[in-house]
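One structure is given here, and the rest of the page talks about it.
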Number of protein chains: 2
Amino acid sequence: MLDDLRPRLGRRLLTGPAELAVFGCDALTAFYERPAAVVLVESADEVVAVVRACHREGVPFVARGSGTSLSGGSLPIGGGVVIALNRLDRVLSVDPDARTAVVEPGVINLDVSRAALPHGLMYCPDPSSQSVCTIGGNLAFNSGGAHCLRHGMTANHVLGIRAVLPDGELVELGGDSVEPLGPDVAGMFCGSEGLFGIALEVTVRLVAVAEATHTALAVYDSLEQAGDAVARIVAAGLLPVAMEIMDALAIEAAEASVKPNYPKGAALLIVELEGERGVVDADAAALRELLRASGAGEVVATEDPDARALIWKGRKSAFSAVGWLAPDYIVQDGVVPRTRLGEALAEIGRMGAAAGIRVANVFHAGDGNLHPLILFDGREPGMLERAEALAGDILRLCIRLGGSITGEHGVGVEKREYLPLMFTPADLELMRRLRRAVDPAELANRGKMLAVA
Amino acid sequence: MLDDLRPRLGRRLLTGPAELAVFGCDALTAFYERPAAVVLVESADEVVAVVRACHREGVPFVARGSGTSLSGGSLPIGGGVVIALNRLDRVLSVDPDARTAVVEPGVINLDVSRAALPHGLMYCPDPSSQSVCTIGGNLAFNSGGAHCLRHGMTANHVLGIRAVLPDGELVELGGDSVEPLGPDVAGMFCGSEGLFGIALEVTVRLVAVAEATHTALAVYDSLEQAGDAVARIVAAGLLPVAMEIMDALAIEAAEASVKPNYPKGAALLIVELEGERGVVDADAAALRELLRASGAGEVVATEDPDARALIWKGRKSAFSAVGWLAPDYIVQDGVVPRTRLGEALAEIGRMGAAAGIRVANVFHAGDGNLHPLILFDGREPGMLERAEALAGDILRLCIRLGGSITGEHGVGVEKREYLPLMFTPADLELMRRLRRAVDPAELANRGKMLAVA
């Protein structure tokens, strides 16, 4: 099979051990799987050709963008071919009237907004990795981000997908401007973690950049107080675009790396409002009162783009910044109902203390999406296992509280074994039936999500 | 099989010709198919028992709510069992904090909002038939309504579905408060026109009733002027919750039946704004200017609930009201890109004139969803065929302009043959593969949407 592809791909077909090494892991560093080959495709036609060759020979394949998956989503479990889409990185068109853009799967998330900005438009979903992660990966994992509280996940912003199915068939899912018709196959594709094929072109929705954006930063003496503030904001009927909480350890990490110069405290709440000038002004005044009433210490509020960018830089770099505090860490991703956030955080604190492991908390407070960062030193014997056990306990806690095992990082390799805690056998079998209908040989991203762990 | 069900269902199992007659048609009066049996179920367990019996015996079945489908969605093509869900009409719970409600599939659309109203909440999707149509049917057809312009379709408001699959298996799709995980199977179910099973319980999203609602009514000397006003409103950045246009014939029909006392003119534009008081006031002032600049004659603006209700009653009754103008009519449902609305209306006018058939136009102008009402007298020989030919030509026009063959009425029996005009063979085969994965014997709503016509 490789000999068939080599004339077409030349040096873009990698098979040497050193070349392949880097494709054996992604941002989930705990797993490593070296592929049999990597293809650096430069066109949709090449993707189709490789998928068809894989299908003919029964070889599994996995698409890869920037390798930022935190659940091992781009790992070639058991070998197979990695189809690296990074060179398919063009914004093919922006239609300011229809407020849509057509992009290739390897385009960087932030580059979509960059292309839209001259028209006063932007692409909403903003995972913390948005300056490096690609739209194809966002699509596969239905990525959210700090602003998904109001704007929704990737699925809410994808209108159409041109895709190659695992058998090499080309399909158009969804559409660019019409109302939906029939089963939402595009919706099924989005969030399916690559099990239904590879997107070749994605039509995304753009939205107008808000007239006004107001970012407030409040410090609290405890995480509970910050959580209480979120509850008050929601109860008051405000609908911020983002509500994020960082605990002392996360603040320390951010300061150590990107120096956002946050006010000091046990917990930090970031609230962002956006909309029409008058609404934002009225909401900002209400917010100020709510923050005061919830016991906030220092409150900083700004609309200055540079100051806002620094606030978000600190928040969005918090994951990698904890590398300053410990040699190793696990980023967990779980969801609890917003009403049970305080309970969840208190329990995570107790669990960390009992295990003798530091846990930094950064979370999308508005939608109950927790990101506990479990800090450890992998050189100490048994520490990795203890950290992983704690990560698992946190997930089981999320489920017990009525939540979910992943808010946005996905199942991938990492959480296959937890799926039966959330889904009944009938629910899982339905998903597997749909998957096998499209890919009976399970070639596309074999060994992930729906695979029996 | 019927003998097995009779002890359980008693007189709620209908098999007499007279009893069955009424279940042989729905709002698409052009088709008639008498079922072999009808079951008037009174619990989810009974639905499951009937589906399992049908599966065991290989008997096709179709769920039916109020029979308001305009595409024959509830007809038992080729016979089989009609499962009438009307008695499953309870709002099981309303959770004002989570802003959700759990309802049975036979609950009337408007009854969900009625149950939510004491909490200041409402259920958004508002098909014109909302006072009679059921949530199960809304789910199957991913129904929209005048206000889907801003609020979105049913799929945007359904969080979770408890369903019985065509093989009798029970599944939970989606969830009530967590972020989505994996392929969006609930999204696939929604809009699939009953091909993937029957919903037993639906968790829907509720939204806060807006602080202010402002409805403006403007008359124009031509449809083109009204269409131009819509374009101006969009270009100005206003985001009304609804923008509806009625032509002279539709106005005449409405006046003849529910007497909304609309101002006289060649075209009527209804624009509704909702939101916070200050925003609505500012937008209403801007709207007034835009309507004036677009050449509106009389403009009526009101926030009075009774006056608003009458305006909407006129609009929502327009379909049935045309019964006052002609013995028979076909309601067509097509979509064109909003930018090509003027072109589409002009062409429909020409086509109607050429065919010697009157066409009344009522449409969701904001999202390009046309509802031409084709008026004829079925007693005249050949007229039904000519009316149907015109309806088909209008659909082909929609496709040619880059639109869709249905905005919200669905494919059902009526539009099966048009699907290949919108989807490639590979796209259709993908949908069929998914369908067969769930229902290999094609028992659920056999002969609809994906069936070869």
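Chain labels follow the order of the structure tokens: the first chain is A, the next B, and so on; residue numbering restarts at 1 in every chain, and ligands are counted from 1 in their shown order.
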Give me, as a PDB file with N, CA and C atoms, in the first residue's frame, the residues of segment 62-252 of chain A that a backbone DSSP run labels helix (DSSP H, G or I).
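Now in states_24.pdb:
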ATOM      1  N   ASN A 109      -7.714  27.495  14.539  1.00  0.00           N
ATOM      2  CA  ASN A 109      -8.951  28.112  15.028  1.00  0.00           C
ATOM      3  C   ASN A 109      -8.899  29.644  14.951  1.00  0.00           C
ATOM      4  N   LEU A 110      -7.865  30.231  15.515  1.00  0.00           N
ATOM      5  CA  LEU A 110      -7.783  31.701  15.593  1.00  0.00           C
ATOM      6  C   LEU A 110      -7.667  32.350  14.207  1.00  0.00           C
ATOM      7  N   ASP A 111      -7.135  31.594  13.246  1.00  0.00           N
ATOM      8  CA  ASP A 111      -6.983  32.147  11.896  1.00  0.00           C
ATOM      9  C   ASP A 111      -8.334  32.362  11.217  1.00  0.00           C
ATOM     10  N   VAL A 112      -9.357  31.632  11.653  1.00  0.00           N
ATOM     11  CA  VAL A 112     -10.688  31.856  11.082  1.00  0.00           C
ATOM     12  C   VAL A 112     -11.181  33.237  11.509  1.00  0.00           C
ATOM     13  N   SER A 113     -11.026  33.538  12.807  1.00  0.00           N
ATOM     14  CA  SER A 113     -11.434  34.868  13.273  1.00  0.00           C
ATOM     15  C   SER A 113     -10.578  35.960  12.638  1.00  0.00           C
ATOM     16  N   ARG A 114      -9.281  35.681  12.468  1.00  0.00           N
ATOM     17  CA  ARG A 114      -8.407  36.674  11.823  1.00  0.00           C
ATOM     18  C   ARG A 114      -8.894  37.007  10.424  1.00  0.00           C
ATOM     19  N   ALA A 115      -9.351  35.974   9.708  1.00  0.00           N
ATOM     20  CA  ALA A 115      -9.830  36.208   8.337  1.00  0.00           C
ATOM     21  C   ALA A 115     -11.172  36.935   8.334  1.00  0.00           C
ATOM     22  N   ALA A 116     -11.940  36.750   9.408  1.00  0.00           N
ATOM     23  CA  ALA A 116     -13.286  37.335   9.463  1.00  0.00           C
ATOM     24  C   ALA A 116     -13.280  38.771   9.986  1.00  0.00           C
ATOM     25  N   LEU A 117     -12.256  39.099  10.764  1.00  0.00           N
ATOM     26  CA  LEU A 117     -12.208  40.384  11.472  1.00  0.00           C
ATOM     27  C   LEU A 117     -12.336  41.608  10.566  1.00  0.00           C
ATOM     28  N   PRO A 118     -11.704  41.622   9.393  1.00  0.00           N
ATOM     29  CA  PRO A 118     -11.878  42.795   8.523  1.00  0.00           C
ATOM     30  C   PRO A 118     -13.338  43.066   8.172  1.00  0.00           C
ATOM     31  N   HIS A 119     -14.203  42.071   8.308  1.00  0.00           N
ATOM     32  CA  HIS A 119     -15.629  42.248   8.029  1.00  0.00           C
ATOM     33  C   HIS A 119     -16.428  42.491   9.317  1.00  0.00           C
ATOM     34  N   ILE A 135      -9.374  23.453  13.196  1.00  0.00           N
ATOM     35  CA  ILE A 135     -10.830  23.315  13.080  1.00  0.00           C
ATOM     36  C   ILE A 135     -11.239  21.845  12.945  1.00  0.00           C
ATOM     37  N   GLY A 136     -10.447  21.054  12.256  1.00  0.00           N
ATOM     38  CA  GLY A 136     -10.772  19.634  12.114  1.00  0.00           C
ATOM     39  C   GLY A 136     -10.858  18.947  13.468  1.00  0.00           C
ATOM     40  N   GLY A 137      -9.905  19.251  14.337  1.00  0.00           N
ATOM     41  CA  GLY A 137      -9.923  18.690  15.685  1.00  0.00           C
ATOM     42  C   GLY A 137     -11.081  19.243  16.497  1.00  0.00           C
ATOM     43  N   ASN A 138     -11.349  20.543  16.347  1.00  0.00           N
ATOM     44  CA  ASN A 138     -12.496  21.169  17.034  1.00  0.00           C
ATOM     45  C   ASN A 138     -13.788  20.466  16.660  1.00  0.00           C
ATOM     46  N   LEU A 139     -13.894  20.159  15.364  1.00  0.00           N
ATOM     47  CA  LEU A 139     -15.081  19.489  14.846  1.00  0.00           C
ATOM     48  C   LEU A 139     -15.184  18.084  15.432  1.00  0.00           C
ATOM     49  N   ALA A 140     -14.091  17.350  15.405  1.00  0.00           N
ATOM     50  CA  ALA A 140     -14.107  15.967  15.893  1.00  0.00           C
ATOM     51  C   ALA A 140     -14.512  15.917  17.363  1.00  0.00           C
ATOM     52  N   PHE A 141     -14.078  16.916  18.139  1.00  0.00           N
ATOM     53  CA  PHE A 141     -14.336  16.880  19.582  1.00  0.00           C
ATOM     54  C   PHE A 141     -15.420  17.855  20.018  1.00  0.00           C
ATOM     55  N   CYS A 148     -18.161  29.442  25.347  1.00  0.00           N
ATOM     56  CA  CYS A 148     -19.262  28.570  24.906  1.00  0.00           C
ATOM     57  C   CYS A 148     -20.453  28.694  25.849  1.00  0.00           C
ATOM     58  N   LEU A 149     -20.257  29.324  26.996  1.00  0.00           N
ATOM     59  CA  LEU A 149     -21.366  29.554  27.926  1.00  0.00           C
ATOM     60  C   LEU A 149     -22.534  30.200  27.203  1.00  0.00           C
ATOM     61  N   ARG A 150     -22.252  31.243  26.431  1.00  0.00           N
ATOM     62  CA  ARG A 150     -23.349  31.858  25.694  1.00  0.00           C
ATOM     63  C   ARG A 150     -23.351  31.464  24.220  1.00  0.00           C
ATOM     64  N   HIS A 151     -22.171  31.265  23.658  1.00  0.00           N
ATOM     65  CA  HIS A 151     -22.125  31.066  22.204  1.00  0.00           C
ATOM     66  C   HIS A 151     -22.318  29.619  21.780  1.00  0.00           C
ATOM     67  N   THR A 154     -18.790  23.924  19.193  1.00  0.00           N
ATOM     68  CA  THR A 154     -18.483  23.901  17.758  1.00  0.00           C
ATOM     69  C   THR A 154     -19.693  23.482  16.924  1.00  0.00           C
ATOM     70  N   ALA A 155     -20.437  22.476  17.414  1.00  0.00           N
ATOM     71  CA  ALA A 155     -21.599  21.996  16.639  1.00  0.00           C
ATOM     72  C   ALA A 155     -22.593  23.115  16.356  1.00  0.00           C
ATOM     73  N   ASN A 156     -22.649  24.115  17.234  1.00  0.00           N
ATOM     74  CA  ASN A 156     -23.568  25.227  17.021  1.00  0.00           C
ATOM     75  C   ASN A 156     -23.063  26.206  15.959  1.00  0.00           C
ATOM     76  N   HIS A 157     -21.830  26.011  15.530  1.00  0.00           N
ATOM     77  CA  HIS A 157     -21.229  26.964  14.600  1.00  0.00           C
ATOM     78  C   HIS A 157     -20.789  26.329  13.293  1.00  0.00           C
ATOM     79  N   VAL A 185     -27.074  14.629  10.146  1.00  0.00           N
ATOM     80  CA  VAL A 185     -25.874  13.805  10.008  1.00  0.00           C
ATOM     81  C   VAL A 185     -24.624  14.644  10.282  1.00  0.00           C
ATOM     82  N   ALA A 186     -24.672  15.928   9.937  1.00  0.00           N
ATOM     83  CA  ALA A 186     -23.538  16.800  10.252  1.00  0.00           C
ATOM     84  C   ALA A 186     -23.340  16.861  11.765  1.00  0.00           C
ATOM     85  N   GLY A 187     -24.445  16.903  12.500  1.00  0.00           N
ATOM     86  CA  GLY A 187     -24.361  16.932  13.957  1.00  0.00           C
ATOM     87  C   GLY A 187     -23.792  15.637  14.508  1.00  0.00           C
ATOM     88  N   MET A 188     -24.107  14.542  13.854  1.00  0.00           N
ATOM     89  CA  MET A 188     -23.567  13.266  14.290  1.00  0.00           C
ATOM     90  C   MET A 188     -22.062  13.207  14.039  1.00  0.00           C
ATOM     91  N   PHE A 189     -21.654  13.781  12.917  1.00  0.00           N
ATOM     92  CA  PHE A 189     -20.234  13.796  12.551  1.00  0.00           C
ATOM     93  C   PHE A 189     -19.437  14.637  13.558  1.00  0.00           C
ATOM     94  N   LEU A 223     -12.932  29.643  47.246  1.00  0.00           N
ATOM     95  CA  LEU A 223     -13.571  29.174  46.016  1.00  0.00           C
ATOM     96  C   LEU A 223     -15.091  29.195  46.153  1.00  0.00           C
ATOM     97  N   GLU A 224     -15.570  28.869  47.375  1.00  0.00           N
ATOM     98  CA  GLU A 224     -17.008  28.824  47.607  1.00  0.00           C
ATOM     99  C   GLU A 224     -17.637  30.187  47.332  1.00  0.00           C
ATOM    100  N   GLN A 225     -16.966  31.248  47.820  1.00  0.00           N
ATOM    101  CA  GLN A 225     -17.498  32.602  47.580  1.00  0.00           C
ATOM    102  C   GLN A 225     -17.570  32.905  46.081  1.00  0.00           C
ATOM    103  N   ALA A 226     -16.518  32.499  45.363  1.00  0.00           N
ATOM    104  CA  ALA A 226     -16.514  32.748  43.916  1.00  0.00           C
ATOM    105  C   ALA A 226     -17.657  31.975  43.257  1.00  0.00           C
ATOM    106  N   GLY A 227     -17.852  30.740  43.711  1.00  0.00           N
ATOM    107  CA  GLY A 227     -18.947  29.927  43.168  1.00  0.00           C
ATOM    108  C   GLY A 227     -20.298  30.548  43.475  1.00  0.00           C
ATOM    109  N   ASP A 228     -20.417  31.093  44.681  1.00  0.00           N
ATOM    110  CA  ASP A 228     -21.653  31.750  45.085  1.00  0.00           C
ATOM    111  C   ASP A 228     -21.936  32.969  44.190  1.00  0.00           C
ATOM    112  N   ALA A 229     -20.865  33.688  43.831  1.00  0.00           N
ATOM    113  CA  ALA A 229     -21.034  34.857  42.960  1.00  0.00           C
ATOM    114  C   ALA A 229     -21.625  34.428  41.619  1.00  0.00           C
ATOM    115  N   VAL A 230     -21.154  33.303  41.102  1.00  0.00           N
ATOM    116  CA  VAL A 230     -21.669  32.804  39.824  1.00  0.00           C
ATOM    117  C   VAL A 230     -23.162  32.520  39.942  1.00  0.00           C
ATOM    118  N   ALA A 231     -23.540  31.875  41.040  1.00  0.00           N
ATOM    119  CA  ALA A 231     -24.962  31.564  41.248  1.00  0.00           C
ATOM    120  C   ALA A 231     -25.790  32.845  41.300  1.00  0.00           C
ATOM    121  N   ARG A 232     -25.256  33.880  41.973  1.00  0.00           N
ATOM    122  CA  ARG A 232     -25.986  35.155  42.064  1.00  0.00           C
ATOM    123  C   ARG A 232     -26.141  35.809  40.688  1.00  0.00           C
ATOM    124  N   ILE A 233     -25.071  35.731  39.897  1.00  0.00           N
ATOM    125  CA  ILE A 233     -25.107  36.362  38.570  1.00  0.00           C
ATOM    126  C   ILE A 233     -26.176  35.702  37.703  1.00  0.00           C
ATOM    127  N   VAL A 234     -26.215  34.366  37.771  1.00  0.00           N
ATOM    128  CA  VAL A 234     -27.212  33.633  36.990  1.00  0.00           C
ATOM    129  C   VAL A 234     -28.617  33.947  37.487  1.00  0.00           C
ATOM    130  N   ALA A 235     -28.762  33.935  38.823  1.00  0.00           N
ATOM    131  CA  ALA A 235     -30.090  34.176  39.404  1.00  0.00           C
ATOM    132  C   ALA A 235     -30.599  35.572  39.060  1.00  0.00           C
ATOM    133  N   ALA A 248      -6.152  29.378  43.886  1.00  0.00           N
ATOM    134  CA  ALA A 248      -4.869  30.002  44.214  1.00  0.00           C
ATOM    135  C   ALA A 248      -3.706  29.360  43.464  1.00  0.00           C
ATOM    136  N   LEU A 249      -3.737  28.038  43.365  1.00  0.00           N
ATOM    137  CA  LEU A 249      -2.653  27.327  42.705  1.00  0.00           C
ATOM    138  C   LEU A 249      -2.613  27.650  41.209  1.00  0.00           C
ATOM    139  N   ALA A 250      -3.790  27.736  40.604  1.00  0.00           N
ATOM    140  CA  ALA A 250      -3.862  28.080  39.182  1.00  0.00           C
ATOM    141  C   ALA A 250      -3.392  29.525  38.960  1.00  0.00           C
ATOM    142  N   ILE A 251      -3.766  30.418  39.879  1.00  0.00           N
ATOM    143  CA  ILE A 251      -3.321  31.810  39.787  1.00  0.00           C
ATOM    144  C   ILE A 251      -1.796  31.867  39.877  1.00  0.00           C
ATOM    145  N   GLU A 252      -1.244  31.100  40.838  1.00  0.00           N
ATOM    146  CA  GLU A 252       0.201  31.061  41.033  1.00  0.00           C
ATOM    147  C   GLU A 252       0.899  30.586  39.753  1.00  0.00           C
TER     148      GLU A 252
END
For chain B against chain A, which residues fall within 6 Å using only C-alpha atoms, given as a PyMOL selection string?
chain B and resi 171+178-179+182-184+187-188+191-192+403+407+426-427+433-434+437
If you measure from atom CA of Arg292 of chain A to atom CA of Ala360 of chain A, what distance in Å do you get, rounded to one decimal?
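Separation of atom CA of Arg292 of chain A and atom CA of Ala360 of chain A: 25.4 Å.
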Between atom CA of Ile330 of chain B and atom CA of Arg350 of chain B - distance in Å to one decimal
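Separation of atom CA of Arg350 of chain B and atom CA of Ile330 of chain B: 17.7 Å.
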DSSP strand (DSSP E or B) residues within segment 204-245 of chain B, as a VMD selection string
chain B and resid 204 to 205 207 to 208 212 to 220 242 to 245
Pick the closest to Arg396 of chain B from B:Gly58, B:Pro327, B:Gly265, B:Pro420: which is it, counting only C-alpha atoms?
B:Pro420
List the spatial neighbours of Gly65 of chain B as an MDAnalysis selection string - criterion: any atom at most 8 Å away, only C-alpha atoms, same-chain residues fewer than 2 positions off excluded.
chainID B and resid 63 67:68 74 84:86 105:106 133:134 136:137
Put those residues in a file: N, CA and C atoms, as a CSV table (one decimal), in the first residue's frame.
chain,number,residue,atom,x,y,z
B,63,ALA,N,-45.9,6.5,14.3
B,63,ALA,CA,-46.5,7.2,15.5
B,63,ALA,C,-47.3,8.4,14.9
B,67,GLY,N,-51.9,14.7,13.9
B,67,GLY,CA,-52.2,14.5,12.4
B,67,GLY,C,-52.1,15.8,11.7
B,68,THR,N,-51.3,16.7,12.1
B,68,THR,CA,-51.2,18.0,11.4
B,68,THR,C,-50.1,18.0,10.3
B,74,SER,N,-47.6,11.2,9.0
B,74,SER,CA,-48.2,10.3,10.0
B,74,SER,C,-49.1,9.2,9.2
B,84,ALA,N,-51.2,5.9,18.2
B,84,ALA,CA,-51.7,7.3,18.4
B,84,ALA,C,-51.2,7.7,19.8
B,85,LEU,N,-50.4,8.8,19.9
B,85,LEU,CA,-49.8,9.2,21.2
B,85,LEU,C,-50.5,10.3,21.9
B,86,ASN,N,-51.7,10.7,21.4
B,86,ASN,CA,-52.4,11.8,22.0
B,86,ASN,C,-52.7,11.8,23.4
B,105,PRO,N,-44.7,12.7,24.5
B,105,PRO,CA,-44.7,13.1,23.1
B,105,PRO,C,-46.0,13.7,22.6
B,106,GLY,N,-47.1,13.3,23.3
B,106,GLY,CA,-48.4,13.7,22.8
B,106,GLY,C,-48.9,15.1,23.4
B,133,CYS,N,-50.7,21.0,17.4
B,133,CYS,CA,-49.7,20.0,17.1
B,133,CYS,C,-48.9,19.6,18.3
B,134,THR,N,-48.3,18.4,18.2
B,134,THR,CA,-47.7,17.8,19.4
B,134,THR,C,-46.2,17.9,19.4
B,136,GLY,N,-44.1,15.5,19.9
B,136,GLY,CA,-43.5,14.3,19.2
B,136,GLY,C,-43.4,14.6,17.7
B,137,GLY,N,-44.4,15.2,17.2
B,137,GLY,CA,-44.4,15.6,15.8
B,137,GLY,C,-43.4,16.7,15.5
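When only C-alpha atoms are used to measure the gap to Ser320 of chain A, the shortest distance among A:Leu395, A:Ala27, A:Arg52, A:Glu343 belongs to A:Ala27.
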Can you pull out the residues contacting Val59 of chain B? Cut-off 9 Å, using only C-alpha atoms, and skip same-chain residues under 6 positions away; I want them as a short mmCIF file (atom, residue, chain, number, x, y, z; two decimals) with N, CA and C atoms, in the first residue's frame.
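File result-v4.cif, as written:
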data_model
loop_
_atom_site.label_atom_id
_atom_site.label_comp_id
_atom_site.auth_asym_id
_atom_site.auth_seq_id
_atom_site.Cartn_x
_atom_site.Cartn_y
_atom_site.Cartn_z
N ALA B 53 -44.05 -5.89 19.65
CA ALA B 53 -44.92 -6.83 18.92
C ALA B 53 -44.75 -6.64 17.41
N GLY B 79 -50.24 0.30 4.85
CA GLY B 79 -50.90 -0.33 6.00
C GLY B 79 -50.01 -0.34 7.23
N GLY B 80 -50.23 -1.27 8.12
CA GLY B 80 -49.46 -1.33 9.36
C GLY B 80 -50.22 -0.69 10.50
N VAL B 81 -49.52 -0.47 11.60
CA VAL B 81 -50.15 -0.01 12.83
C VAL B 81 -49.87 1.47 13.07
N LEU B 443 -39.19 -0.85 9.62
CA LEU B 443 -40.54 -0.91 10.19
C LEU B 443 -41.05 0.46 10.57
#
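A straight line drawn from atom CA of Val38 of chain A to atom CA of Val452 of chain A is 25.5 Å long.
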